[in-house]
>>> print(open('structure_11.txt').read())   # compact mmCIF, C-alpha atoms
# COMPACT_ATOMS: atom_id res chain seq x y z
CA ALA A 1 42.07 -62.90 -118.22
CA VAL A 2 44.41 -60.20 -116.99
CA VAL A 3 44.94 -62.10 -113.74
CA GLN A 4 46.19 -65.08 -115.73
CA ILE A 5 48.24 -63.04 -118.18
CA ASP A 6 49.67 -60.56 -115.70
CA GLN A 7 50.57 -62.79 -112.76
CA GLY A 8 47.77 -61.66 -110.46
CA LEU A 9 47.93 -57.92 -111.11
CA ASP A 10 44.14 -57.68 -111.06
CA TYR A 11 44.24 -53.96 -110.43
CA ARG A 12 44.60 -53.67 -114.21
CA LEU A 13 41.26 -55.38 -114.83
CA PRO A 14 39.03 -52.24 -114.85
CA LEU A 15 41.13 -50.67 -117.60
CA PHE A 16 41.14 -53.92 -119.58
CA ARG A 17 37.34 -54.07 -119.39
CA LEU A 18 37.11 -50.51 -120.64
CA MET A 19 39.44 -51.18 -123.57
CA ALA A 20 37.46 -54.30 -124.46
CA LYS A 21 34.21 -52.31 -124.38
CA ILE A 22 35.67 -49.75 -126.78
CA LEU A 23 36.75 -52.49 -129.18
CA VAL A 24 33.32 -54.14 -129.04
CA GLU A 25 31.66 -50.81 -129.88
CA TYR A 26 34.26 -50.19 -132.61
CA GLU A 27 33.25 -53.43 -134.30
CA LYS A 28 29.60 -52.32 -134.38
CA GLY A 29 30.56 -49.33 -136.52
CA GLN A 30 27.75 -46.84 -137.12
CA GLU A 31 25.29 -49.15 -135.39
CA SER A 32 26.97 -48.41 -132.07
CA LEU A 33 25.24 -45.88 -129.85
CA TYR A 34 28.73 -44.58 -129.11
CA TYR A 35 29.69 -44.10 -132.76
CA PRO A 36 29.53 -40.25 -132.72
CA TRP A 37 31.75 -40.18 -129.66
CA LEU A 38 34.19 -42.79 -130.95
CA ASN A 39 34.43 -40.87 -134.20
CA SER A 40 35.35 -37.71 -132.28
CA VAL A 41 38.21 -38.99 -130.13
CA PRO A 42 41.83 -38.56 -131.29
CA ARG A 43 43.46 -41.04 -133.64
CA GLN A 44 47.02 -40.04 -132.80
CA PHE A 45 48.49 -40.05 -129.30
CA TYR A 46 51.77 -38.81 -127.87
CA ASN A 47 51.99 -40.71 -124.60
CA GLY A 48 54.32 -43.48 -123.49
CA VAL A 49 52.30 -46.25 -125.14
CA SER A 50 52.62 -44.52 -128.52
CA MET A 51 56.32 -43.77 -128.27
CA THR A 52 58.97 -45.65 -130.21
CA LYS A 53 62.39 -46.86 -129.13
CA VAL A 54 63.78 -43.65 -130.61
CA CYS A 55 61.47 -41.64 -128.32
CA TYR A 56 62.54 -43.58 -125.24
CA SER A 57 66.19 -43.02 -126.10
CA CYS A 58 65.62 -39.24 -125.93
CA LEU A 59 64.14 -39.18 -122.43
CA PRO A 60 65.85 -38.82 -119.03
CA PRO A 61 65.75 -41.97 -116.85
CA TYR A 62 62.65 -41.10 -114.80
CA ALA A 63 60.54 -40.16 -117.82
CA GLY A 64 61.90 -43.14 -119.72
CA TRP A 65 60.98 -45.47 -116.87
CA LEU A 66 57.41 -44.15 -116.67
CA THR A 67 56.80 -44.25 -120.41
CA SER A 68 58.29 -47.73 -120.72
CA ASN A 69 55.98 -48.96 -117.96
CA GLU A 70 52.99 -47.65 -119.90
CA ARG A 71 54.18 -49.60 -122.94
CA ILE A 72 54.63 -52.77 -120.89
CA ASP A 73 51.11 -52.48 -119.46
CA TYR A 74 49.73 -52.19 -122.98
CA SER A 75 51.63 -55.28 -124.12
CA HIS A 76 49.96 -57.35 -121.37
CA PHE A 77 46.53 -56.24 -122.55
CA ALA A 78 47.29 -56.99 -126.20
CA MET A 79 48.51 -60.44 -125.19
CA ALA A 80 45.25 -61.09 -123.29
CA LEU A 81 43.26 -60.21 -126.42
CA ARG A 82 45.32 -62.61 -128.53
CA GLN A 83 44.59 -65.38 -126.02
CA GLY A 84 40.91 -65.11 -126.95
CA TYR A 85 39.55 -63.87 -123.63
CA VAL A 86 37.33 -61.28 -125.34
CA PRO A 87 34.76 -62.17 -128.07
CA LEU A 88 36.24 -60.03 -130.84
CA SER A 89 36.94 -60.82 -134.48
CA GLN A 90 40.44 -61.88 -135.40
CA ASP A 91 40.62 -58.94 -137.80
CA THR A 92 40.23 -56.56 -134.88
CA ILE A 93 42.58 -58.43 -132.58
CA ARG A 94 45.29 -58.56 -135.25
CA ASN A 95 44.95 -54.87 -136.07
CA LYS A 96 47.68 -53.46 -133.84
CA GLU A 97 46.79 -49.85 -134.65
CA VAL A 98 43.15 -50.32 -133.63
CA VAL A 99 44.02 -52.21 -130.44
CA LYS A 100 46.54 -49.57 -129.40
CA TRP A 101 44.05 -46.83 -130.25
CA ALA A 102 41.39 -48.46 -128.05
CA TYR A 103 43.88 -48.83 -125.20
CA ASN A 104 44.92 -45.19 -125.48
CA VAL A 105 41.31 -43.99 -125.55
CA ALA A 106 40.64 -45.96 -122.36
CA LEU A 107 43.89 -44.89 -120.69
CA THR A 108 43.58 -41.16 -121.39
CA ARG A 109 39.83 -40.65 -120.91
CA PHE A 110 38.75 -42.78 -117.94
CA HIS A 111 37.56 -41.61 -114.55
CA GLU A 112 38.08 -44.01 -111.65
CA VAL A 113 35.39 -44.73 -109.06
CA TRP A 114 35.63 -46.87 -105.93
CA GLN A 115 31.97 -47.29 -104.93
CA PRO A 116 29.98 -49.50 -105.09
CA GLU A 117 33.01 -51.25 -106.61
CA ARG A 118 36.24 -50.17 -108.22
CA ALA A 119 35.81 -49.34 -111.90
CA LYS A 120 37.18 -47.15 -114.65
CA LEU A 121 34.40 -45.33 -116.50
CA ILE A 122 34.12 -42.97 -119.45
CA ALA A 123 31.24 -40.53 -119.86
CA PRO A 124 31.25 -39.05 -123.39
CA MET A 125 31.55 -35.24 -123.29
CA ALA A 126 32.71 -35.27 -119.66
CA ASP A 127 35.90 -36.95 -120.90
CA MET A 128 36.72 -33.85 -122.96
CA LEU A 129 37.49 -31.55 -120.04
CA ASN A 130 41.10 -30.42 -120.00
CA HIS A 131 43.65 -30.63 -117.20
CA SER A 132 44.57 -27.91 -114.75
CA ALA A 133 46.70 -27.87 -111.63
CA GLU A 134 43.90 -25.74 -110.16
CA PRO A 135 40.74 -27.31 -111.62
CA ASN A 136 37.36 -25.63 -111.45
CA CYS A 137 35.33 -28.86 -111.81
CA GLU A 138 35.25 -32.44 -110.64
CA ILE A 139 33.62 -35.53 -112.13
CA THR A 140 31.46 -37.79 -109.97
CA PHE A 141 29.35 -40.87 -110.64
CA ASP A 142 26.35 -41.91 -108.56
CA TYR A 143 25.54 -45.53 -107.69
CA GLU A 144 23.32 -45.81 -110.76
CA GLY A 145 26.23 -44.91 -113.04
CA ASN A 146 25.08 -41.37 -113.85
CA CYS A 147 27.93 -38.93 -114.46
CA ASN A 148 27.89 -35.46 -112.94
CA VAL A 149 30.29 -32.62 -113.61
CA VAL A 150 30.28 -30.39 -110.55
CA ALA A 151 31.71 -26.86 -110.36
CA LEU A 152 34.09 -26.41 -107.44
CA TYR A 153 33.38 -22.67 -107.33
CA ASP A 154 31.68 -19.99 -109.39
CA ILE A 155 33.14 -20.12 -112.90
CA ALA A 156 33.28 -16.97 -115.01
CA PRO A 157 31.46 -17.03 -118.38
CA ARG A 158 33.54 -18.30 -121.32
CA SER A 159 36.09 -19.90 -118.98
CA PRO A 160 37.27 -23.41 -119.89
CA LEU A 161 36.04 -26.23 -117.68
CA THR A 162 38.97 -28.12 -116.19
CA ILE A 163 39.64 -31.13 -113.99
CA SER A 164 42.79 -32.61 -112.50
CA LEU A 165 44.34 -35.51 -114.42
CA GLY A 166 47.09 -36.16 -111.92
CA ASP A 167 49.43 -34.91 -109.25
CA PRO A 168 50.13 -31.23 -110.05
CA THR A 169 53.45 -31.37 -108.20
CA ASN A 170 54.98 -33.72 -110.76
CA PRO A 171 54.18 -33.32 -114.49
CA THR A 172 56.18 -36.30 -115.77
CA PRO A 173 53.56 -39.01 -114.95
CA ILE A 174 50.95 -36.89 -116.75
CA PHE A 175 53.35 -36.60 -119.68
CA ALA A 176 53.81 -40.40 -119.72
CA GLN A 177 50.11 -41.28 -119.48
CA TYR A 178 48.46 -38.50 -121.48
CA GLY A 179 51.19 -37.32 -123.84
CA PHE A 180 51.25 -33.62 -123.01
CA LEU A 181 53.27 -31.45 -120.66
CA PRO A 182 51.27 -29.33 -118.20
CA THR A 183 52.22 -25.67 -118.46
CA ASP A 184 51.09 -24.75 -114.95
CA CYS A 185 53.26 -27.12 -112.90
CA ALA A 186 55.10 -25.46 -110.03
CA THR A 187 57.43 -28.36 -109.25
CA ILE A 188 59.14 -31.39 -110.78
CA PHE A 189 60.62 -34.55 -109.30
CA CYS A 190 64.32 -34.24 -108.44
CA LYS A 191 65.08 -37.19 -110.82
CA ALA A 192 67.13 -39.07 -108.20
CA MET A 193 66.15 -42.49 -109.56
CA HIS A 194 69.47 -43.92 -108.40
CA LEU A 195 68.33 -43.30 -104.82
CA ASP A 196 65.12 -45.29 -105.12
CA PRO A 197 66.24 -47.75 -102.37
CA GLN A 198 66.88 -44.84 -99.99
CA ILE A 199 63.55 -43.22 -100.89
CA LYS A 200 61.70 -46.44 -100.06
CA GLU A 201 63.65 -47.07 -96.85
CA LEU A 202 62.81 -43.60 -95.53
CA GLY A 203 59.17 -43.98 -96.54
CA TYR A 204 59.27 -40.94 -98.80
CA GLU A 205 57.17 -40.36 -101.91
CA PHE A 206 58.25 -38.88 -105.24
CA ASN A 207 55.86 -35.94 -104.75
CA GLU A 208 57.87 -34.94 -101.67
CA LEU A 209 61.20 -34.85 -103.54
CA LEU A 210 60.77 -31.78 -105.66
CA PHE A 211 62.49 -28.82 -107.26
CA GLN A 212 60.54 -25.59 -107.77
CA THR A 213 60.21 -24.82 -111.49
CA GLN A 214 60.17 -21.05 -110.95
CA THR A 215 63.09 -20.78 -108.52
CA GLY A 216 64.96 -24.10 -108.48
CA GLU A 217 64.39 -24.35 -104.74
CA ILE A 218 65.03 -27.81 -103.28
CA ALA A 219 62.53 -29.59 -101.03
CA PRO A 220 64.02 -30.52 -97.63
CA LYS A 221 63.50 -34.26 -98.11
CA VAL A 222 65.72 -34.18 -101.19
CA TRP A 223 68.60 -33.26 -98.90
CA ASP A 224 67.58 -36.16 -96.65
CA ILE A 225 67.89 -38.89 -99.29
CA PHE A 226 71.28 -37.67 -100.50
CA LEU A 227 72.67 -37.48 -96.96
CA TYR A 228 71.17 -40.87 -96.12
CA GLU A 229 73.09 -42.49 -98.97
CA ILE A 230 76.31 -40.78 -97.91
CA LEU A 231 75.92 -42.08 -94.37
CA GLN A 232 75.08 -45.58 -95.56
CA ASN A 233 78.29 -45.67 -97.57
CA ASN A 234 80.51 -44.22 -94.83
CA ASP A 235 78.93 -44.61 -91.38
CA PRO A 236 76.19 -47.26 -91.16
CA GLY A 237 75.52 -46.53 -87.50
CA SER A 238 74.86 -42.88 -88.20
CA ALA A 239 72.80 -43.85 -91.23
CA GLN A 240 70.52 -45.92 -89.00
CA GLN A 241 70.07 -43.06 -86.53
CA PHE A 242 69.47 -40.52 -89.29
CA GLY A 243 67.02 -42.85 -91.01
CA MET A 244 65.04 -43.22 -87.79
CA ALA A 245 65.01 -39.44 -87.39
CA CYS A 246 63.59 -39.07 -90.90
CA GLN A 247 60.94 -41.70 -90.30
CA ASN A 248 59.95 -40.19 -86.94
CA ASN A 249 60.05 -36.54 -88.12
CA ASP A 250 62.78 -35.80 -85.58
CA GLU A 251 63.80 -32.45 -87.07
CA GLY A 252 66.34 -31.72 -84.34
CA THR A 253 68.39 -34.83 -85.03
CA LYS A 254 68.07 -34.34 -88.77
CA GLU A 255 69.31 -30.76 -88.51
CA GLN A 256 72.30 -31.92 -86.49
CA TYR A 257 73.34 -34.43 -89.15
CA HIS A 258 72.71 -32.00 -91.98
CA GLY A 259 74.90 -29.41 -90.31
CA GLU A 260 77.73 -31.85 -89.74
CA TYR A 261 77.68 -33.32 -93.27
CA PHE A 262 76.46 -30.32 -95.23
CA THR A 263 79.54 -30.04 -97.45
CA TYR A 264 79.31 -33.67 -98.50
CA THR A 265 75.58 -33.49 -99.20
CA LEU A 266 76.06 -30.28 -101.17
CA ASP A 267 78.74 -31.91 -103.33
CA ALA A 268 76.54 -34.96 -103.95
CA LEU A 269 73.61 -32.78 -104.97
CA LYS A 270 75.79 -30.73 -107.28
CA GLN A 271 77.07 -33.87 -109.00
CA HIS A 272 73.52 -35.10 -109.46
CA VAL A 273 72.17 -31.79 -110.78
CA TYR A 274 75.01 -31.26 -113.24
CA SER A 275 74.70 -34.87 -114.42
CA ILE A 276 70.99 -34.41 -115.14
CA LEU A 277 71.71 -31.11 -116.89
CA SER A 278 74.27 -32.76 -119.14
CA ASP A 279 71.93 -35.66 -119.91
CA ALA A 280 68.98 -33.35 -120.63
CA GLU A 281 71.06 -31.22 -123.01
CA ASN A 282 72.40 -34.24 -124.90
CA LEU A 283 68.99 -35.91 -125.06
CA THR A 284 67.36 -32.73 -126.34
CA MET A 285 69.96 -32.38 -129.09
CA LYS A 286 69.41 -36.03 -130.00
CA ALA A 287 65.63 -35.56 -130.17
CA GLN A 288 65.97 -32.45 -132.32
CA SER A 289 68.11 -34.39 -134.80
CA TYR A 290 65.13 -36.54 -135.82
CA ASP A 291 62.67 -35.68 -138.56
CA ILE A 292 59.44 -34.46 -136.95
CA ASN A 293 57.41 -36.01 -139.75
CA SER A 294 58.77 -39.45 -138.92
CA HIS A 295 58.79 -38.82 -135.18
CA PRO A 296 55.84 -36.51 -134.38
CA ARG A 297 56.35 -36.85 -130.61
CA VAL A 298 59.68 -35.01 -130.71
CA PRO A 299 58.19 -31.59 -129.77
CA VAL A 300 56.62 -32.80 -126.52
CA ILE A 301 59.78 -34.74 -125.64
CA VAL A 302 61.88 -31.63 -126.24
CA ALA A 303 59.47 -29.55 -124.15
CA HIS A 304 59.79 -32.02 -121.28
CA ASN A 305 63.59 -32.06 -121.44
CA GLN A 306 63.75 -28.28 -121.63
CA LEU A 307 61.59 -27.96 -118.51
CA VAL A 308 64.06 -30.23 -116.73
CA SER A 309 67.01 -28.18 -118.01
CA GLN A 310 65.49 -24.83 -117.03
CA THR A 311 64.59 -26.02 -113.54
CA PHE A 312 67.88 -27.77 -112.86
CA THR A 313 69.84 -24.75 -114.13
CA MET A 314 68.21 -22.63 -111.43
CA THR A 315 68.84 -25.35 -108.86
CA ALA A 316 72.51 -25.47 -109.85
CA ALA A 317 72.77 -21.71 -109.36
CA LEU A 318 71.31 -21.99 -105.86
CA LEU A 319 73.73 -24.79 -104.96
CA GLU A 320 76.69 -22.75 -106.17
CA GLN A 321 75.62 -19.90 -103.91
CA MET A 322 75.75 -22.28 -100.94
CA GLY A 323 79.41 -23.09 -101.39
>>> encode(input="structure_11.txt", output="structure tokens")
Amino acid sequence: AVVQIDQGLDYRLPLFRLMAKILVEYEKGQESLYYPWLNSVPRQFYNGVSMTKVCYSCLPPYAGWLTSNERIDYSHFAMALRQGYVPLSQDTIRNKEVVKWAYNVALTRFHEVWQPERAKLIAPMADMLNHSAEPNCEITFDYEGNCNVVALYDIAPRSPLTISLGDPTNPTPIFAQYGFLPTDCATIFCKAMHLDPQIKELGYEFNELLFQTQTGEIAPKVWDIFLYEILQNNDPGSAQQFGMACQNNDEGTKEQYHGEYFTYTLDALKQHVYSILSDAENLTMKAQSYDINSHPRVPVIVAHNQLVSQTFTMTAALLEQMG
């Protein structure tokens, strides 16, 4: 079904199966063995799928891109249901609130396994462990489908049991998928979405392009992507040599280029940081202008934007000290 609807993106199929299972059990009502669990999961979500156009308009580009992608993925699944690929009643399929609820339950509570085949699974109770950047537990499934929660080290009495829900270096994807902002993140993505072509050409990943949330410190590869764009626009030959140095981890050549073009890279980074700061401030003010009763996701959006502002303010201060 999803292969037909989503142009071959069959990697979505495990999540679709899980959502369909939840809807099938929902239709059984109290006769479902999963009824106590289904009755305990949240009814309201704050993630990208649940956000409105107003919410998206209050987010910086990177967060807006991630949350919009979550919404697009959901729309493909809802379309597959309407095509009749799952034996559900029309009342259920037409109930947009129920369908979105089932999708969000699947999206925010699954655990992915790869053996004996790739699948997304939910084990009631185990799905209630909270997130931590330094988790004390991990969830495993054996080949018979039994779920085990394993302590990673000795856990003190009365301590919460935690797992990792995502990359601790970058809280925005967790915000987009789960609808909360981790409070223990040490870094955030530098938000240089306009340099996505350069990031891909150098073979870099978003989790390498970070600002420290406590100090504003800039990861070295952030400097690389900004200098790479400058060279591409002004000296293609040097850009090719610098790009090869980045790809081959030739730190000597990279240092030479950074020294020669430091002033230009510094100016480009300053422009970027101050642009993001201005956007974050304006977007936060816009979000705060909405009634929280009509837009209950405003607080988490504001918290996200404020984390960006606080981090980038420290980064700006460091850049000013450099020249």
>>> residues_around(input="structure_11.txt", residues="Glu144 of chain A", least_positions_apart="5", cutoff="12 Å", atoms="only C-alpha atoms", output="list in words")
Gln115, Pro116 and Glu117 of chain A
>>> atom_distance(input="structure_11.txt", atom1="atom CA of Thr187 of chain A", atom2="atom CA of Phe211 of chain A")
5.5 Å
>>> closest_residue(input="structure_11.txt", among="A:Pro124, A:Pro14, A:Pro61, A:Pro135", to="Ser159 of chain A", atoms="only C-alpha atoms")
A:Pro135
>>> axis_aligned_box(input="structure_11.txt", around="segment 120-126 of chain A", padding_each_side="8 Å", output="lines of an AutoDock Vina configuration file")
center_x = 34.2
center_y = -41.2
center_z = -119.0
size_x = 21.9
size_y = 27.9
size_z = 24.7
>>> residues_around(input="structure_11.txt", residues="Phe180 of chain A", least_positions_apart="4", cutoff="10 Å", atoms="only C-alpha atoms", output="PDB file with C-alpha atoms, in the coordinates of the input")
ATOM      1  CA  PHE A  45      48.490 -40.050-129.300  1.00  0.00           C
ATOM      2  CA  TYR A  46      51.770 -38.810-127.870  1.00  0.00           C
ATOM      3  CA  ASN A  47      51.990 -40.710-124.600  1.00  0.00           C
ATOM      4  CA  PRO A 171      54.180 -33.320-114.490  1.00  0.00           C
ATOM      5  CA  THR A 172      56.180 -36.300-115.770  1.00  0.00           C
ATOM      6  CA  PRO A 173      53.560 -39.010-114.950  1.00  0.00           C
ATOM      7  CA  ILE A 174      50.950 -36.890-116.750  1.00  0.00           C
ATOM      8  CA  PHE A 175      53.350 -36.600-119.680  1.00  0.00           C
ATOM      9  CA  ALA A 176      53.810 -40.400-119.720  1.00  0.00           C
ATOM     10  CA  ARG A 297      56.350 -36.850-130.610  1.00  0.00           C
ATOM     11  CA  PRO A 299      58.190 -31.590-129.770  1.00  0.00           C
ATOM     12  CA  VAL A 300      56.620 -32.800-126.520  1.00  0.00           C
ATOM     13  CA  ILE A 301      59.780 -34.740-125.640  1.00  0.00           C
ATOM     14  CA  ALA A 303      59.470 -29.550-124.150  1.00  0.00           C
ATOM     15  CA  HIS A 304      59.790 -32.020-121.280  1.00  0.00           C
TER      16      HIS A 304
END
>>> closest_residue(input="structure_11.txt", among="A:Lys96, A:Lys21, A:Arg12, A:His131", to="Leu165 of chain A", atoms="all atoms listed in the file")
A:His131
>>> residues_around(input="structure_11.txt", residues="segment 194-196 of chain A", least_positions_apart="5", cutoff="12 Å", atoms="only C-alpha atoms", output="compact mmCIF listing (two decimals) with C-alpha atoms, in the coordinates of the input")
# COMPACT_ATOMS: atom_id res chain seq x y z
CA PRO A 61 65.75 -41.97 -116.85
CA TYR A 62 62.65 -41.10 -114.80
CA GLU A 201 63.65 -47.07 -96.85
CA LEU A 202 62.81 -43.60 -95.53
CA GLY A 203 59.17 -43.98 -96.54
CA TYR A 204 59.27 -40.94 -98.80
CA GLU A 205 57.17 -40.36 -101.91
CA PHE A 206 58.25 -38.88 -105.24
CA LEU A 209 61.20 -34.85 -103.54
CA VAL A 222 65.72 -34.18 -101.19
CA TRP A 223 68.60 -33.26 -98.90
CA ASP A 224 67.58 -36.16 -96.65
CA ILE A 225 67.89 -38.89 -99.29
CA PHE A 226 71.28 -37.67 -100.50
CA LEU A 227 72.67 -37.48 -96.96
CA TYR A 228 71.17 -40.87 -96.12
CA GLU A 229 73.09 -42.49 -98.97
CA ILE A 230 76.31 -40.78 -97.91
CA GLN A 232 75.08 -45.58 -95.56
CA ALA A 268 76.54 -34.96 -103.95
CA LEU A 269 73.61 -32.78 -104.97
CA HIS A 272 73.52 -35.10 -109.46
CA ILE A 276 70.99 -34.41 -115.14
>>> closest_residue(input="structure_11.txt", among="A:Leu121, A:Leu88, A:Leu266, A:Val49", to="Leu18 of chain A", atoms="only C-alpha atoms")
A:Leu121
>>> closest_residue(input="structure_11.txt", among="A:Tyr56, A:Tyr85, A:Trp101, A:Trp65", to="Tyr26 of chain A", atoms="only C-alpha atoms")
A:Trp101
>>> residues_around(input="structure_11.txt", residues="Tyr153 of chain A", least_positions_apart="5", cutoff="12 Å", atoms="all atoms listed in the file", output="list in words")
Glu134, Pro135, Asn136, Cys137, Glu138, Leu161 and Thr162 of chain A
>>> atom_distance(input="structure_11.txt", atom1="atom CA of Gln214 of chain A", atom2="atom CA of Thr311 of chain A")
7.1 Å
>>> closest_residue(input="structure_11.txt", among="A:Phe141, A:Pro36, A:Glu320, A:Cys55", to="Ser68 of chain A", atoms="only C-alpha atoms")
A:Cys55
>>> atom_distance(input="structure_11.txt", atom1="atom CA of Met125 of chain A", atom2="atom CA of His111 of chain A")
12.4 Å
>>> decode(input="structure_11.txt", residues="segment 100-178 of chain A", atoms="C-alpha atoms", output="mmCIF file, in the first residue's frame")
data_model
loop_
_atom_site.group_PDB
_atom_site.id
_atom_site.type_symbol
_atom_site.label_atom_id
_atom_site.label_comp_id
_atom_site.auth_asym_id
_atom_site.auth_seq_id
_atom_site.Cartn_x
_atom_site.Cartn_y
_atom_site.Cartn_z
ATOM 1 C CA LYS A 100 -3.973 11.183 13.481
ATOM 2 C CA TRP A 101 -4.062 9.944 17.077
ATOM 3 C CA ALA A 102 -3.178 6.396 15.957
ATOM 4 C CA TYR A 103 -0.343 7.720 13.798
ATOM 5 C CA ASN A 104 1.039 9.779 16.670
ATOM 6 C CA VAL A 105 0.842 6.848 19.087
ATOM 7 C CA ALA A 106 2.811 4.728 16.611
ATOM 8 C CA LEU A 107 5.300 7.499 15.796
ATOM 9 C CA THR A 108 6.102 8.485 19.380
ATOM 10 C CA ARG A 109 6.105 5.070 21.077
ATOM 11 C CA PHE A 110 7.744 2.597 18.684
ATOM 12 C CA HIS A 111 11.064 0.832 19.073
ATOM 13 C CA GLU A 112 12.807 -0.237 15.868
ATOM 14 C CA VAL A 113 14.397 -3.658 15.426
ATOM 15 C CA TRP A 114 16.403 -4.983 12.484
ATOM 16 C CA GLN A 115 16.516 -8.737 13.168
ATOM 17 C CA PRO A 116 15.149 -11.129 12.043
ATOM 18 C CA GLU A 117 13.592 -8.406 9.858
ATOM 19 C CA ARG A 118 13.123 -4.675 10.106
ATOM 20 C CA ALA A 119 10.063 -3.735 12.155
ATOM 21 C CA LYS A 120 8.701 -1.051 14.425
ATOM 22 C CA LEU A 121 7.292 -2.521 17.638
ATOM 23 C CA ILE A 122 5.531 -1.229 20.734
ATOM 24 C CA ALA A 123 5.644 -3.045 24.067
ATOM 25 C CA PRO A 124 3.066 -1.568 26.470
ATOM 26 C CA MET A 125 4.728 -0.246 29.646
ATOM 27 C CA ALA A 126 8.183 -0.269 28.041
ATOM 28 C CA ASP A 127 6.939 2.530 25.775
ATOM 29 C CA MET A 128 6.458 4.766 28.821
ATOM 30 C CA LEU A 129 10.138 5.248 29.607
ATOM 31 C CA ASN A 130 11.241 8.856 29.231
ATOM 32 C CA HIS A 131 14.109 10.282 27.202
ATOM 33 C CA SER A 132 17.558 11.174 28.454
ATOM 34 C CA ALA A 133 20.744 12.194 26.700
ATOM 35 C CA GLU A 134 22.451 9.804 29.140
ATOM 36 C CA PRO A 135 19.970 6.922 29.421
ATOM 37 C CA ASN A 136 20.222 4.259 32.094
ATOM 38 C CA CYS A 137 18.260 1.600 30.154
ATOM 39 C CA GLU A 138 17.868 0.169 26.690
ATOM 40 C CA ILE A 139 15.016 -1.756 25.086
ATOM 41 C CA THR A 140 15.688 -5.006 23.239
ATOM 42 C CA PHE A 141 13.495 -7.607 21.553
ATOM 43 C CA ASP A 142 14.450 -11.256 21.115
ATOM 44 C CA TYR A 143 13.644 -13.271 17.983
ATOM 45 C CA GLU A 144 10.388 -14.466 19.546
ATOM 46 C CA GLY A 145 9.195 -10.882 19.966
ATOM 47 C CA ASN A 146 9.682 -10.682 23.731
ATOM 48 C CA CYS A 147 10.594 -7.213 24.987
ATOM 49 C CA ASN A 148 13.341 -6.720 27.548
ATOM 50 C CA VAL A 149 14.283 -3.525 29.337
ATOM 51 C CA VAL A 150 17.937 -3.811 30.309
ATOM 52 C CA ALA A 151 19.755 -1.564 32.792
ATOM 53 C CA LEU A 152 22.965 -0.136 31.363
ATOM 54 C CA TYR A 153 24.451 0.247 34.853
ATOM 55 C CA ASP A 154 23.375 0.067 38.480
ATOM 56 C CA ILE A 155 20.404 2.401 38.934
ATOM 57 C CA ALA A 156 19.794 4.052 42.294
ATOM 58 C CA PRO A 157 16.429 3.379 43.989
ATOM 59 C CA ARG A 158 13.626 5.793 43.042
ATOM 60 C CA SER A 159 15.523 6.960 39.947
ATOM 61 C CA PRO A 160 13.493 7.312 36.740
ATOM 62 C CA LEU A 161 14.150 4.735 34.041
ATOM 63 C CA THR A 162 15.233 6.431 30.826
ATOM 64 C CA ILE A 163 16.115 5.533 27.251
ATOM 65 C CA SER A 164 17.405 7.549 24.311
ATOM 66 C CA LEU A 165 14.773 8.704 21.816
ATOM 67 C CA GLY A 166 17.237 10.283 19.426
ATOM 68 C CA ASP A 167 20.536 11.980 18.794
ATOM 69 C CA PRO A 168 21.402 13.893 21.989
ATOM 70 C CA THR A 169 23.574 16.335 20.034
ATOM 71 C CA ASN A 170 20.588 17.825 18.233
ATOM 72 C CA PRO A 171 17.253 18.318 20.058
ATOM 73 C CA THR A 172 15.250 19.677 17.118
ATOM 74 C CA PRO A 173 14.460 16.279 15.473
ATOM 75 C CA ILE A 174 13.243 15.039 18.878
ATOM 76 C CA PHE A 175 11.121 18.180 19.155
ATOM 77 C CA ALA A 176 9.649 17.534 15.687
ATOM 78 C CA GLN A 177 8.883 13.836 16.233
ATOM 79 C CA TYR A 178 7.923 13.714 19.905
#
